[in-house]
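> Okay, handing you the structure first.
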Amino acid sequence: MVELEFQQKTKTLIDSLKSICANYGLGNDGNEFKIITQTFLYKFLNDKFAFEAKKIDPSLAKADKWEEALAALSEDDLEMLQLQMGADTARLKPTHFINYLFNQQNAPDFAKLFDDTLMDIAISNNDVFAVKTDGGAKVVLFDRLSQYIADESRRDAFCRAIINKLGEFSFERIFTQKFDFYATLFEYLIKDYNSNSGGKYAEYYTPHAVARIMAAILVPEEQQGKIKNVSVYDPSAGSGTLLMNVAHAIGENRCSIYTQDISQKSSNLLRLNLILNNLVHSIPNVIQGNTLLHPYHKDGSELKRFDYIVSNPPFKMDFSDYRNELDTKINKERFFAGIPKVKAKATDKMEIYQLFLQHIIISLKPGGKAAVVVPTGFITAQTGIDKGIREHLVKHRMLAGVVSMPSNIFATTGTNVSILFIDASNKGEVVLIDASNLGEKIKDGKNQKTVLTPEEEQRIIDVFNGQRQEEDFSVVVGYEQIEDKNYSLSAGQYFDVKIEYVDITPEQFSAKMKGFSDNLESLFNKSRELEAEIKKQLAGLKYE
């Protein structure tokens with residue numbers, strides 16, 4: 001009950017912030033998402049600080065106005081309080097609190113005070129909360145939000161409207177909630193800002209069904225809570241849906257997240273997702289940059305290798321402007337199966353996923369595991385880079401299996417997708433699942449998408465992890481069988497061909513054969529009649 005109540009209050013707050021943006025001319029503006037996400041983050045960090053401070057010092061919890069009680073602490077006492085807080089709590093001063101700004105809102109130049117406060121919080125917490133670029137620059141927590149209001153005379157009123165909304169209720173009672181609660185909130189917060197914009201490096205929101213299946217197969221239930229000190233990597237992280245699910249299955253305090261993504265917007269959303277999910281310790285590993293051209297995570301001169309890798313890479317994209325920079329001696333091992341050629345008339349159709357997939361395979365530790373979303377055409381292509389990658393996986397005995405998903409599992413793309421599971425320790429059998437007939441078709445705005453039921457999700461997970469064979473659904477095959485099938489990873493190509501045998505009498509057999517014979521004779525007669533008719537018509541045309 002408390003969970004639903006706070007979920008609704010939080011959604012109402014998000015809607016209110018969007019309404020304020022609309023009232024000040026920023027509805028659907030390119031900067032709206034920065035205002036919404038950063039304001040939400042300011043609120044979250046403020047209330048998290050309050051929650052932790054009251055837990056450490058019960059006298060603050062008992063005070064009528066905890067902000068005033070905290071402001072009355074000496075500098076030494078405040079520093080001692082902050083030292084006892086976890087690393088995932090931002091270091092705040094009394095002048096940073098929402099209540100302080102609320103009481104100052106009638107001061108002249110309130111917008112400047114509001115912006116200065118956010119920037120001071122960002123600078124004070126730069127070491128922990130800043131995202132780095134692959135060039136080494138730091139992307140701080142906050143921007144000067146009032147700058148997005150073109151009319152300077154309206155900036156004070158805009159910032160007052162925000163601070164009044166932020167003070168209406170406290171998040172403090174939600175910090176005991178679990179992963180699913182924050183996943184729902186995060187999805188609601190970014191739902192208008194993480195859709196396919198159709199541009200370069202457009203972000204796709206990975207469906208939760210795909211994320212849950214990947215996490216549950218990479219980290220089976222019996223291993224959860226037993227794995228520790230592992231690294232989880234996504235070279236095309238987006239807003240982090242896949243990473244959050246895997247980190248939750250392992251345990252947020254048992255793993256470190258490493259990411260890279262070319263989109264600054266995605267990197268900012270990912271940072272917010274890490275903060276919401278108790279993964280602040282991984283923010284220094286969040287890199288904004290081009291993974292293919294400038295892979296950031298390294299051990300010396302070599303690529304860093306990881307225990308777990310998840311990815312939903314872009315499938316097709318124009319990378320012709322730096323394609324030749326990738327085709328160098330230094331990248332021969334990394335792109336072992338080759339680099340897609342530039343398509344003369346359709347550069348936007350270049351198969352960039354092939355590069356991400358090869359990068360992932362080379363970035364795995366010995367014994368590491370990966371799950372990657374690929375276009376279903378990858379699993380059967382008979383030539384080229386796709387086949388070369390599959391041959392590599394089979395030759396090095398590092399396949400776990402494939403799950404072919406229903407069409408339109410992504411509402412934003414009609415491409416059929418499969419999940420490729422890689423396991424560098426699996427020298428035994430491989431599971432191939434055809435789940436293409438599962439799910440229910442529903443409308444999602446202008447698009448149609450397929451939604452799996454929880455029971456269907458669980459069936460896929462149980463069959464894969466149990467290495468079960470089910471008729472017309474799954475097969476378990478050896479590497480030699482895959483070689484014999486020209487390295488195809490499509491379950492359907494391994495299903496038994498069913499021949500139905502029926503006992504009939506000689507009389508019944510004769511009757512069936514006569515039926516076939518009569519049918520053939522009828523077809524021949526029709527054919528001859530049609531031929532005669534055509535000749536007649538041609539003759540008529542000749543004499544005309």
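Residue numbering restarts at 1 in every chain; chains get A, B, ... in the order shown in the structure tokens, and ligands count up from 1 in that same order.
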When you look at stretch 184-191 of chain A with a cut-off of 9 Å (counting only C-alpha atoms), what residues show up, excluding the ones that are within fewer than 5 positions of it in the same chain? I need them as a tab-separated table (two decimals) with C-alpha atoms, in the first residue's frame.

chain	number	residue	atom	x	y	z
A	7	GLN	CA	4.83	5.46	-6.61
A	10	THR	CA	6.35	10.37	-7.44
A	11	LYS	CA	4.60	10.05	-10.80
A	14	ILE	CA	7.12	14.12	-12.49
A	15	ASP	CA	3.88	15.13	-14.24
A	33	PHE	CA	14.43	16.22	-20.37
A	36	ILE	CA	12.98	17.06	-15.54
A	37	THR	CA	15.73	14.52	-14.87
A	40	PHE	CA	14.20	14.90	-9.99
A	179	PHE	CA	14.66	-2.87	-7.46
A	205	TYR	CA	14.48	1.26	-24.87
A	269	LEU	CA	20.19	8.85	-17.87
A	272	LEU	CA	20.55	8.67	-12.79
A	273	ASN	CA	19.67	4.96	-13.04
A	276	LEU	CA	18.47	5.19	-8.03
> Set the distance at 10 Å and use only C-alpha atoms: which residues neighbour A:Leu101 once local chain neighbours fewer than 4 positions away are removed? I'd like the list as a ChimeraX atom specification.
/A:95-97,105-107,110,113-114,117,159-160,163-164,167
> Can you work out the spacing between atom CA of A:Pro94 and atom CA of A:Lys165 in Å, to one decimal?
19.4 Å
> From the set A:Gln358, A:Thr89, A:Ser301, A:Ser146, which residue has the shortest atom-to-atom contact distance to A:Asp116, counting only C-alpha atoms?
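Once distances to A:Asp116 are computed over only C-alpha atoms, the minimum belongs to A:Ser146.
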> Show which residues sit within 6 Å of A:Asp318, as a PyMOL selection string. Count only C-alpha atoms, and ignore same-chain residues fewer than 2 positions away.
chain A and resi 320+347-348+350
> Set the distance at 10 Å and use only C-alpha atoms: which residues neighbour stretch 391-402 of chain A once local chain neighbours fewer than 3 positions away are removed? I'd like the list as number ranges by chain.
A: 217-218, 336-337, 358, 361, 366-374, 376, 379, 385-388, 405, 418-434, 464-465, 467, 474-480, 482-483, 486-491
> Please dump the current selection as a tab-separated table (two decimals), in the first residue's frame; keep C-alpha atoms.

chain	number	residue	atom	x	y	z
A	217	ILE	CA	19.84	-16.93	-17.85
A	218	LEU	CA	23.18	-15.21	-17.19
A	336	PHE	CA	38.62	-11.06	-36.16
A	337	ALA	CA	35.75	-11.79	-38.60
A	358	GLN	CA	33.17	-8.96	-32.04
A	361	ILE	CA	33.62	-11.57	-27.61
A	366	PRO	CA	38.10	-16.72	-19.82
A	367	GLY	CA	34.96	-18.35	-18.43
A	368	GLY	CA	32.98	-15.11	-18.84
A	369	LYS	CA	29.35	-14.90	-19.97
A	370	ALA	CA	27.55	-12.53	-22.33
A	371	ALA	CA	24.04	-11.94	-23.66
A	372	VAL	CA	23.61	-9.83	-26.79
A	373	VAL	CA	20.52	-8.80	-28.76
A	374	VAL	CA	21.14	-9.49	-32.48
A	376	THR	CA	17.61	-12.88	-36.18
A	379	ILE	CA	21.93	-16.73	-36.67
A	385	ILE	CA	31.02	-11.65	-41.16
A	386	ASP	CA	27.93	-13.13	-39.44
A	387	LYS	CA	28.99	-16.67	-40.35
A	388	GLY	CA	32.61	-15.90	-39.42
A	405	MET	CA	12.10	-13.80	-29.89
A	418	SER	CA	17.28	-13.09	-31.12
A	419	ILE	CA	19.29	-13.16	-27.90
A	420	LEU	CA	22.72	-14.72	-28.33
A	421	PHE	CA	24.12	-16.22	-25.12
A	422	ILE	CA	27.89	-16.66	-24.98
A	423	ASP	CA	29.60	-18.74	-22.29
A	424	ALA	CA	33.37	-19.15	-22.58
A	425	SER	CA	33.24	-22.07	-20.11
A	426	ASN	CA	30.56	-24.12	-21.94
A	427	LYS	CA	32.32	-27.00	-23.70
A	428	GLY	CA	29.19	-29.19	-23.65
A	429	GLU	CA	25.81	-28.73	-25.30
A	430	VAL	CA	24.06	-25.65	-26.71
A	431	VAL	CA	20.39	-24.70	-26.20
A	432	LEU	CA	18.43	-23.29	-29.14
A	433	ILE	CA	14.92	-21.94	-28.48
A	434	ASP	CA	12.32	-20.76	-31.00
A	464	PHE	CA	17.18	-22.72	-21.29
A	465	ASN	CA	18.64	-23.14	-17.80
A	467	GLN	CA	18.70	-27.55	-21.06
A	474	SER	CA	13.69	-26.07	-28.12
A	475	VAL	CA	16.57	-28.37	-28.97
A	476	VAL	CA	19.82	-29.21	-27.21
A	477	VAL	CA	22.67	-29.81	-29.67
A	478	GLY	CA	26.41	-30.48	-29.64
A	479	TYR	CA	29.03	-28.31	-31.35
A	480	GLU	CA	29.57	-31.02	-34.00
A	482	ILE	CA	26.15	-27.13	-35.36
A	483	GLU	CA	29.16	-27.59	-37.65
A	486	ASN	CA	26.80	-25.00	-41.54
A	487	TYR	CA	26.92	-23.22	-38.16
A	488	SER	CA	23.21	-22.38	-38.13
A	489	LEU	CA	21.90	-21.36	-34.70
A	490	SER	CA	18.21	-21.50	-35.67
A	491	ALA	CA	16.30	-23.99	-33.52
> Within 12 Å of A:Ile330, counting only C-alpha atoms, which residues show up once you throw out same-chain ones fewer than 5 positions away? Write them as JSON, numbers by chain, please.
{"A": [293, 301, 302, 303, 325, 335, 336]}
> I need the residue nearest A:Ser266 from this list: A:Ala137, A:Ser170, A:Asp321, A:Thr241. Use only C-alpha atoms for the distance.
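Smallest separation from A:Ser266 among the options: A:Thr241.
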> Could you pull out the residues in stretch 324-492 of chain A that DSSP calls helix (DSSP H, G or I) from the backbone, as number ranges by chain?
A: 324-326, 329-331, 347-349, 353-362, 376-379, 384-395, 454-465, 479-484, 491-492
> Please provide as a list in words all residues within 9 Å of A:His359, with the sequence filter that same-chain residues fewer than 6 positions apart are discarded (counting only C-alpha atoms).
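My reading of the contact set: Pro235, Thr291, Leu292, Arg334 and Phe335 of chain A.
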> Would you put the residues from that selection into a file with C-alpha atoms, as a CSV table (one decimal), in the first residue's frame?

chain,number,residue,atom,x,y,z
A,235,PRO,CA,29.7,-1.2,-24.6
A,291,THR,CA,33.3,2.4,-28.1
A,292,LEU,CA,34.4,1.2,-31.5
A,334,ARG,CA,39.5,-7.3,-32.1
A,335,PHE,CA,37.5,-7.5,-35.4
> I need the strand (DSSP E or B) residues of stretch 140-378 of chain A per DSSP on the backbone, written as a PyMOL selection string.
chain A and resi 230-234+255-261+286-288+298-299+302-303+306-311+364-375
> Grab the residues selected above and save them as a tab-separated table (two decimals), in the first residue's frame with N, CA and C atoms.

chain	number	residue	atom	x	y	z
A	230	VAL	N	32.46	-9.17	-9.07
A	230	VAL	CA	32.51	-9.38	-10.52
A	230	VAL	C	32.27	-8.07	-11.26
A	231	SER	N	32.71	-8.05	-12.52
A	231	SER	CA	32.53	-6.87	-13.37
A	231	SER	C	31.45	-7.15	-14.40
A	232	VAL	N	30.62	-6.13	-14.66
A	232	VAL	CA	29.54	-6.23	-15.66
A	232	VAL	C	29.70	-5.06	-16.63
A	233	TYR	N	29.70	-5.36	-17.92
A	233	TYR	CA	30.04	-4.36	-18.95
A	233	TYR	C	28.96	-4.28	-20.01
A	234	ASP	N	28.71	-3.08	-20.51
A	234	ASP	CA	27.85	-2.87	-21.67
A	234	ASP	C	28.52	-1.81	-22.55
A	255	CYS	N	28.91	-6.32	-7.38
A	255	CYS	CA	29.42	-6.15	-8.74
A	255	CYS	C	29.76	-4.69	-9.01
A	256	SER	N	30.59	-4.49	-10.02
A	256	SER	CA	30.90	-3.14	-10.50
A	256	SER	C	30.49	-3.05	-11.96
A	257	ILE	N	29.85	-1.94	-12.31
A	257	ILE	CA	29.35	-1.71	-13.66
A	257	ILE	C	30.39	-0.90	-14.45
A	258	TYR	N	30.58	-1.30	-15.70
A	258	TYR	CA	31.44	-0.55	-16.63
A	258	TYR	C	30.65	-0.32	-17.90
A	259	THR	N	30.69	0.92	-18.41
A	259	THR	CA	29.90	1.20	-19.62
A	259	THR	C	30.63	2.18	-20.53
A	260	GLN	N	30.14	2.20	-21.77
A	260	GLN	CA	30.50	3.27	-22.70
A	260	GLN	C	29.32	3.45	-23.64
A	261	ASP	N	29.04	4.69	-24.00
A	261	ASP	CA	27.98	4.98	-24.95
A	261	ASP	C	28.28	6.33	-25.56
A	286	VAL	N	31.43	5.03	-15.87
A	286	VAL	CA	30.51	5.38	-16.96
A	286	VAL	C	31.23	6.36	-17.89
A	287	ILE	N	31.42	5.93	-19.14
A	287	ILE	CA	32.18	6.74	-20.09
A	287	ILE	C	31.29	7.13	-21.26
A	288	GLN	N	31.32	8.42	-21.59
A	288	GLN	CA	30.61	8.88	-22.78
A	288	GLN	C	31.63	8.96	-23.91
A	298	LYS	N	40.51	-0.28	-20.42
A	298	LYS	CA	41.68	-1.08	-20.80
A	298	LYS	C	42.48	-1.50	-19.57
A	299	ASP	N	43.25	-2.57	-19.74
A	299	ASP	CA	44.29	-2.95	-18.78
A	299	ASP	C	45.60	-2.77	-19.53
A	302	GLU	N	45.94	-3.36	-23.53
A	302	GLU	CA	44.94	-4.36	-23.94
A	302	GLU	C	43.54	-3.96	-23.49
A	303	LEU	N	42.53	-4.45	-24.20
A	303	LEU	CA	41.15	-4.24	-23.77
A	303	LEU	C	40.93	-4.89	-22.41
A	306	PHE	N	35.91	-8.73	-18.99
A	306	PHE	CA	34.85	-8.65	-17.98
A	306	PHE	C	34.24	-10.02	-17.71
A	307	ASP	N	33.64	-10.15	-16.51
A	307	ASP	CA	32.97	-11.41	-16.12
A	307	ASP	C	31.65	-11.57	-16.84
A	308	TYR	N	30.91	-10.47	-16.96
A	308	TYR	CA	29.59	-10.49	-17.62
A	308	TYR	C	29.50	-9.32	-18.58
A	309	ILE	N	28.92	-9.57	-19.75
A	309	ILE	CA	28.66	-8.49	-20.70
A	309	ILE	C	27.22	-8.62	-21.20
A	310	VAL	N	26.52	-7.50	-21.22
A	310	VAL	CA	25.18	-7.45	-21.82
A	310	VAL	C	25.15	-6.31	-22.81
A	311	SER	N	24.37	-6.48	-23.87
A	311	SER	CA	24.30	-5.38	-24.84
A	311	SER	C	23.11	-5.53	-25.77
A	364	LEU	N	35.52	-10.53	-23.27
A	364	LEU	CA	35.11	-11.49	-22.23
A	364	LEU	C	36.33	-12.10	-21.54
A	365	LYS	N	36.23	-12.27	-20.24
A	365	LYS	CA	37.25	-13.02	-19.50
A	365	LYS	C	37.16	-14.50	-19.87
A	366	PRO	N	38.23	-15.27	-19.70
A	366	PRO	CA	38.10	-16.72	-19.82
A	366	PRO	C	37.04	-17.20	-18.83
A	367	GLY	N	36.05	-17.92	-19.31
A	367	GLY	CA	34.96	-18.35	-18.43
A	367	GLY	C	33.86	-17.31	-18.27
A	368	GLY	N	33.99	-16.16	-18.94
A	368	GLY	CA	32.98	-15.11	-18.84
A	368	GLY	C	31.72	-15.43	-19.61
A	369	LYS	N	30.65	-14.68	-19.32
A	369	LYS	CA	29.35	-14.90	-19.97
A	369	LYS	C	28.84	-13.59	-20.56
A	370	ALA	N	28.13	-13.72	-21.69
A	370	ALA	CA	27.55	-12.53	-22.33
A	370	ALA	C	26.18	-12.86	-22.89
A	371	ALA	N	25.34	-11.83	-23.00
A	371	ALA	CA	24.04	-11.94	-23.66
A	371	ALA	C	23.87	-10.71	-24.53
A	372	VAL	N	23.64	-10.93	-25.83
A	372	VAL	CA	23.61	-9.83	-26.79
A	372	VAL	C	22.38	-9.95	-27.67
A	373	VAL	N	21.65	-8.83	-27.84
A	373	VAL	CA	20.52	-8.80	-28.76
A	373	VAL	C	21.07	-8.64	-30.18
A	374	VAL	N	20.68	-9.54	-31.09
A	374	VAL	CA	21.14	-9.49	-32.48
A	374	VAL	C	19.94	-9.61	-33.41
A	375	PRO	N	20.05	-9.10	-34.66
A	375	PRO	CA	18.98	-9.37	-35.62
A	375	PRO	C	18.93	-10.86	-35.91
> Show which residues sit within 9 Å of A:Lys43, as a ChimeraX atom specification. Count only C-alpha atoms, and ignore same-chain residues fewer than 3 positions away.
/A:38-40,46-48,98,166-167,170-171
> Just the number, please: distance in Å from atom CA of A:Gln147 to atom CA of A:Lys18, one decimal.
16.8 Å
> Counting only C-alpha atoms, which residue out of A:Ile227, A:Asp192, A:Asn324, A:Arg154 sits closest to A:Gly25?
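Closest to A:Gly25 of all the choices is A:Arg154.
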> Distance atom CA of A:Phe319-atom CA of A:Pro207, one decimal place?
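Spanning atom CA of A:Phe319 to atom CA of A:Pro207 is a straight-line distance of 26.0 Å.
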